[in-house]
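Novice: Got a structure for you, written out below as structure tokens; questions coming shortly.
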Number of protein chains: 4
Amino acid sequence: MENAVIRARVIGAGGFGGANIIELLTAHPQAEVVSLVDVQGVGKPISDSHRHLKGACDLPVSAPDDAAWDGSVDVAFTATPDGVGMRLAAECLACGARMIDYSGDFRFNDAESYAAYAMRIGRDPAHASADLLPKSVYGVTELHRDDIASAAVVGNPGCFAVSAILGAAPAVREKLIDPATLICDAKTGVSGAGIKPAQTFHYPLRYENMNAYKIAAHQHNFEIERELSGLAGTDVQVTLTTQVVPLCRGIMTTVYGQLADSATSAEQLYEAYAEFYRGANFVRVEPQGTPTSNNDVRGSNLCILSVNVDPRTGRMIVVSHIDNLMKGQAGSALQNMNVMFGLDETVGLSRPAFYP
Amino acid sequence: MENAVIRARVIGAGGFGGANIIELLTAHPQAEVVSLVDVQGVGKPISDSHRHLKGACDLPVSAPDDAAWDGSVDVAFTATPDGVGMRLAAECLACGARMIDYSGDFRFNDAESYAAYAMRIGRDPAHASADLLPKSVYGVTELHRDDIASAAVVGNPGCFAVSAILGAAPAVREKLIDPATLICDAKTGVSGAGIKPAQTFHYPLRYENMNAYKIAAHQHNFEIERELSGLAGTDVQVTLTTQVVPLCRGIMTTVYGQLADSATSAEQLYEAYAEFYRGANFVRVEPQGTPTSNNDVRGSNLCILSVNVDPRTGRMIVVSHIDNLMKGQAGSALQNMNVMFGLDETVGLSRPAFYP
Amino acid sequence: MENAVIRARVIGAGGFGGANIIELLTAHPQAEVVSLVDVQGVGKPISDSHRHLKGACDLPVSAPDDAAWDGSVDVAFTATPDGVGMRLAAECLACGARMIDYSGDFRFNDAESYAAYAMRIGRDPAHASADLLPKSVYGVTELHRDDIASAAVVGNPGCFAVSAILGAAPAVREKLIDPATLICDAKTGVSGAGIKPAQTFHYPLRYENMNAYKIAAHQHNFEIERELSGLAGTDVQVTLTTQVVPLCRGIMTTVYGQLADSATSAEQLYEAYAEFYRGANFVRVEPQGTPTSNNDVRGSNLCILSVNVDPRTGRMIVVSHIDNLMKGQAGSALQNMNVMFGLDETVGLSRPAFYP
Amino acid sequence: MENAVIRARVIGAGGFGGANIIELLTAHPQAEVVSLVDVQGVGKPISDSHRHLKGACDLPVSAPDDAAWDGSVDVAFTATPDGVGMRLAAECLACGARMIDYSGDFRFNDAESYAAYAMRIGRDPAHASADLLPKSVYGVTELHRDDIASAAVVGNPGCFAVSAILGAAPAVREKLIDPATLICDAKTGVSGAGIKPAQTFHYPLRYENMNAYKIAAHQHNFEIERELSGLAGTDVQVTLTTQVVPLCRGIMTTVYGQLADSATSAEQLYEAYAEFYRGANFVRVEPQGTPTSNNDVRGSNLCILSVNVDPRTGRMIVVSHIDNLMKGQAGSALQNMNVMFGLDETVGLSRPAFYP
């Protein structure tokens with residue numbers, strides 16, 4: 001794949017997730033956006049919807065029915081809600097394209113797991129392409145790089161899930177904590193809710209506001225538990241609290257767990273994390289006492305982990321920072337595309353955080 | 001005290017805590033600000049520093065040395081950092097005034113507890129007025145109303161502490177949770193850091209930013225543990241994580257604890273909280289599923305508690321909302337003053353949240 | 001009207017303008033909210049929509065058809081879009097109530113002026129209650145206090161209009177500027193757009209954003225010109241540029257005009273403004289060099305005017321600050337109610353700006 | 001200069017202007033940061049101060065005295081306050097480097113003009129390198145591209161100046177407006193004030209705030225008038241009002257001018273602007289009715305001009321949008337570097353606006 005250009009279709013081009021992958025692909029030296037699909041803005045340049053793309057990408061938006069699967073596409077990004085990707089996958093794959101899906105449609109590899117997830121979010125438990133589930137791979141690149149390389153379909157992870165899984169994985173796999181005590185307290189910016197206006201995200205009601213929502217009921221909990229259970233080698237249940245704070249981009253998840261050995265020091269925990277992520281291009285581990293913040297990741301594909309111990313209570317406190325639209329969505333998607341097509345995973349993703 | 005007017009001095013008038021108590025006292029039908037003290041802005045009207053007070057309070061600011069304790073004051077609010085209140089208390093009390101101190105100086109009732117706290121924050125462990133410590137009362141009104149009524153000195157509680165203590169108290173006292181599992185994940189607005197500019201609160205570096213700080217090391221942890229230990233009847237240790245989010249006013253503390261009986265339902269937990277706070281004017285308990293947010297408390301003296309259970313993991317999740325400058329500081333101070341002087345605790349505190 | 005209670009109905013209770021007048025009336029010592037009307041939230045307490053009112057006002061919302069005009073109301077606030085107040089006015093007045101309307105329905109006193117306005121905003125130029133137009137008074141209290149006192153209907157002014165008119169009035173009436181050169185560059189917070197979500201006010205698209213809109217075409221221009229023409233004694237045309245900046249509450253209008261006598265000093269201009277507003281409770285005039293800002297008015301009913309001269313170019317530069325929801329809407333409405341019912345105009349409006 | 005690498009020194013690396021040019025240079029295919037200078041953070045990696053640069057640029061910061069001018073540098077960016085660049089320029093040039101200075105030091109080409117500017121801002125009117133003034137070129141690339149190409153020193157323009165000059169230039173040069181009527185009403189984000197904390201930019205006092213400052217007295221007025229006078233062929237005086245609104249990045253300047261021929265239509269004005277900027281890579285002209293906003297330029301090097309006419313008053317209203325840290329500072333600086341070194345001016349500057 002050295003010099004060929006990867007031809008990409010973006011479905012759901014009109015949302016934030018679509019806008020971001022378009023922007024990343026446009027700047028990517030070995031990829032090209034060849035087709036845009038959405039139900040809104042059909043027939044108009046995408047830069048009418050996302051004006052910042054004017055001059056960078058002015059392709060017209062096609063209606064779903066007008067976007068044929070005819071071999072003109074190498075990869076399709078379905079930046080769409082649950083239920084869309086699963087209906088398109090078979091045709092897409094049949095025409096030689098691979099798929100990276102943003103929703104929960106392909107985050108589970110068997111019909112039963114999917115059904116449990118689907119019921120939680122009030123959807124039909126029957127998957128429309130259940131036969132493809134075993135061919136899909138969960139898209140936390142750091143954990144499944146090899147499988148992603150050959151995957152037909154990647155189920156791009158949920159934004160909260162990325163931050164929680166990367167924050168907890170080393171401690172869970174190395175059995176440094178009691179996995180039954182895992183709590184993930186997650187704070188997200190508003191862009192995670194998408195581009196569609198709603199009263200709770202109306203500027204006058206959101207500035208200076210913060211709140212928890214879907215308490216003990218967020219759908220990302222499933223994939224977190226599935227991944228951590230795999231790493232732990234045992235069934236893990238997690239309390240995930242999702243909260244919205246008044247900023248646009250960023251997730252900060254504070255991960256708590258009771259240390260298996262209460263004498264574990266912050267240095268030891270840091271070493272385990274650093275070792276786990278050695279060579280990871282997009283995960284940076286920082287020891288206790290080193291300041292970290294959303295400013296360090298905003299606009300970049302980084303995940304920064306601040307690794308701490310509270311020796312009095314024998315707890316691990318890991319603060320996991322990502323940009324929900326990058327490592328939490330389009331950035332991970334592009335990273336996965338790079339891996340799928342044999343490129344260095346960092347191509348097109350080296351931009352530092354947006355500052356100030 | 002029916003119709004008399006309470007004459008108040010505010011020391012530290014130039015900060016946010018000073019500004020807010022001045023504003024509350026100015027609107028209070030039975031109180032009057034008679035004296036303002038600060039080290040900055042001396043000789044000028046306070047409304048030069050806090051321009052919004054122009055017309056409402058234009059008293060000049062006196063230097064500390066020029067503010068005699070001569071019987072002209074009934075209550076002194078020391079809206080000052082640690083170490084100031086303790087040096088003024090003896091003289092203040094000798095002249096017949098009572099004191100409400102915003103710092104940690106009078107949050108502990110014996111020299112030993114104070115010393116432990118002082119060492120944590122890098123101060124001299126010897127208290128300058130150790131003999132007064134037994135006469136001081138911790139100012140979470142809901143827990144110590146009777147003692148506050150007769151207290152010479154009230155140690156007004158820390159903002160994080162108010163939110164955490166009110167959020168955990170019923171569960172701890174009623175032994176509904178294992179107190180060894182208590183975690184308080186607290187998010188605060190920036191005003192909690194005070195009026196003094198600093199790089200980390202500089203607008204371009206704070207908008208869109210969030211971070212944890214003083215991980216496993218925040219000084220409010222002491223008073224939280226002291227109060228909850230008292231309620232539990234046993235020694236309680238708490239993990240407190242303090243985090244700053246980009247808003248001005250508000251604290252949201254999510255309190256986690258393992259249920260003593262994992263079959264405890266959300267309804268049962270709610271009932272226990274509702275019962276605990278029955279009659280409390282400024283604490284509102286909401287059941288699982290009822291939305292709550294910072295908008296509901298901002299600018300008011302309310303604490304709103306959303307009481308939830310995660311049945312899968314057997315955990316309590318209580319979300320505690322306050323305005324850090326009101327219930328977390330000046331509002332609690334005024335509530336305490338009302339109690340100390342025999343007034344209804346709600347006088348001057350009935351303003352609903354600032355909206356939108 | 002000394003001790004009687006003014007019984008108020010709020011129509012359009014579910015919007016920001018409704019919420020604010022409810023809150024002001026609830027705290028007003030001589031007024032009472034007796035009836036709430038809206039098309040949404042019917043049958044539920046208003047505090048379900050505006051949660052901050054819980055405990056302060058829990059009256060149920062009535063549907064428009066269920067709110068009879070039966071003598072139980074002394075004043076109706078129609079916090080509604082154009083076209084609603086004019087359809088209710090006749091019945092309202094017939095039952096002995098007076099009306100304060102937030103829209104453009106009663107800002108003009110003759111059918112012709114109304115028609116010009118209506119066409120500009122794309123509405124039917126025929127007024128539904130044209131006979132009442134001569135009985136209505138334009139509600140900039142500072143300019144029409146006497147007429148407001150006896151008015152049956154008050155056309156509460158537009159938010160931009162209040163700031164521009166108060167900012168330009170002294171210079172225009174005293175002929176200190178050439179009225180043909182008047183430019184009003186207005187910046188507003190987002191709450192001026194109301195409670196209904198829209199993409200342009202969606203938090204992720206509004207934070208860090210600013211833009212001009214309705215350039216040379218904002219409907220408030222009409223009332224500004226009408227009022228200033230009246231003061232000037234000649235026909236005045238104004239360029240008004242309306243712009244949205246990322247804050248919730250506040251309007252800052254910078255008013256430019258060529259000085260009639262280019263030798264007019266900043267001091268002379270200031271004196272003229274100070275004289276014009278002598279005795280005005282809610283207008284504060286500040287001389288060149290004194291800092292003013294939105295912080296000084298936010299949450300209060302104040303209008304603050306910074307009066308400046310650019311001697312090099314011979315221009316007046318007046319910066320006019322108001323809170324768009326207070327002096328720009330509900331605050332002016334209450335001020336007008338006070339005047340209409342013979343009360344001191346400041347009753348219930350003495351709250352200083354919300355700080356910080 | 002085809003394939004050679006431009007070796008750059010950044011002086012004042014610790015500020016926002018330094019951070020941004022470092023970031024741009026790091027991503028530039030034909031430039032390399034070889035030396036960083038500041039008075040703070042000496043001896044430490046620049047990524048200690050600007051953490052987002054970690055991994056992208058970790059060069060140590062040198063003290064000014066330790067940064068020899070020895071031929072190792074091709075271009076020096078002095079991202080420093082007034083007075084620094086003028087003291088370094090002679091030595092810098094003597095060693096074969098060229099200079100791009102962010103301050104007012106080299107925005108004027110003769111000692112007399114500089115003296116007038118210097119007195120306005122309270123500095124010594126004598127320029128420390130007056131002999132170099134004739135060799136400096138004012139760095140609005142669109143107006144002085146040819147001179148910049150061969151300039152020894154470029155005086156990078158002030159942020160307000162860029163937005164105002166680009167907004168007014170076509171109308172002034174084509175004599176479409178009476179230049180004596182020019183008013184520039186400018187609104188800036190907070191980052192324009194730099195990285196140093198101050199009370200007026202402290203988050204709790206800046207959120208929800210807006211204010212005008214240096215009314216009729218901003219130092220950028222000089223360069224605006226100098227440039228527009230040159231274009232007009234006559235002496236032009238401008239009223240510039242600078243205002244701060246609560247956002248980080250962005251300037252929106254609304255430019256008013258009385259049309260020379262009041263019958264000039266919006267279309268005609270648009271055509272003149274479009275013609276003036278034909279071929280300009282970083283200026284986009286939009287006709288009346290096309291929405292524009294800060295979102296369209298934030299993070300990019302674009303200037304977007306919305307060109308409007310108010311036919312009733314015969315006025316031009318041009319809304320000029322830039323990112324103050326890009327086209328208003330580091331972006332223009334890099335654009336100028338590209339021109340000075342014979343590169344396409346867009347190299348390293350093609351990033352679209354940061355969205356959302």
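Starting from 1 in every chain, residues are counted up; chains themselves are A, B, ... following the order of the structure tokens, and ligands are numbered from 1 as listed.
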Starting from chain C, keep only residues with some atom at most 8 Å from an atom of chain D, counting only C-alpha atoms, and report them as a ChimeraX atom specification.
Specialist: /C:185,204-205,207-213,215-216,237-239,245-250,252,291-295,308-310,312-313,315,319,356
Novice: Write out as a PyMOL selection string the residues lying within 9 Å of stretch 276-281 of chain D, counting only C-alpha atoms and excluding same-chain residues fewer than 4 positions away.
Specialist: chain D and resi 142+169-170+271-272+285+302+345-346
Novice: Can you pull out the residues contacting A:Ala126? Cut-off 10 Å, using only C-alpha atoms, and skip same-chain residues under 4 positions away; I want them as a list in words.
Specialist: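 Here the answer would be Ala111, Glu112, Tyr114, Ala115, Ala116, Ala118, Met119 and Ala130 of chain A.
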Novice: Running DSSP on the backbone, which parts of stretch 248-313 of chain C land in helix (DSSP H, G or I), as a list in words?
Specialist: Ala266, Glu267, Gln268, Leu269, Tyr270, Glu271, Ala272, Tyr273, Ala274, Glu275, Phe276, Asn294, Asn295 and Asp296 of chain C
Novice: In terms of the shortest atom-to-atom distance over only C-alpha atoms, which of C:Phe77, C:Phe341, C:Phe108, C:Trp69 is closest to C:Asp38?
Specialist: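 Nearest candidate to C:Asp38 out of C:Phe77, C:Phe341, C:Phe108, C:Trp69: C:Phe77.
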Novice: One decimal, in Å: what's the spacing between atom CA of C:Gly155 and atom CA of C:Tyr138?
Specialist: 4.9 Å
Novice: Which is closer to B:Val172 than all the others in B:Ile121, B:Leu269, B:Asp146, B:Met99, using only C-alpha atoms?
Specialist: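 Checking each candidate against B:Val172, we get B:Leu269 as the closest.
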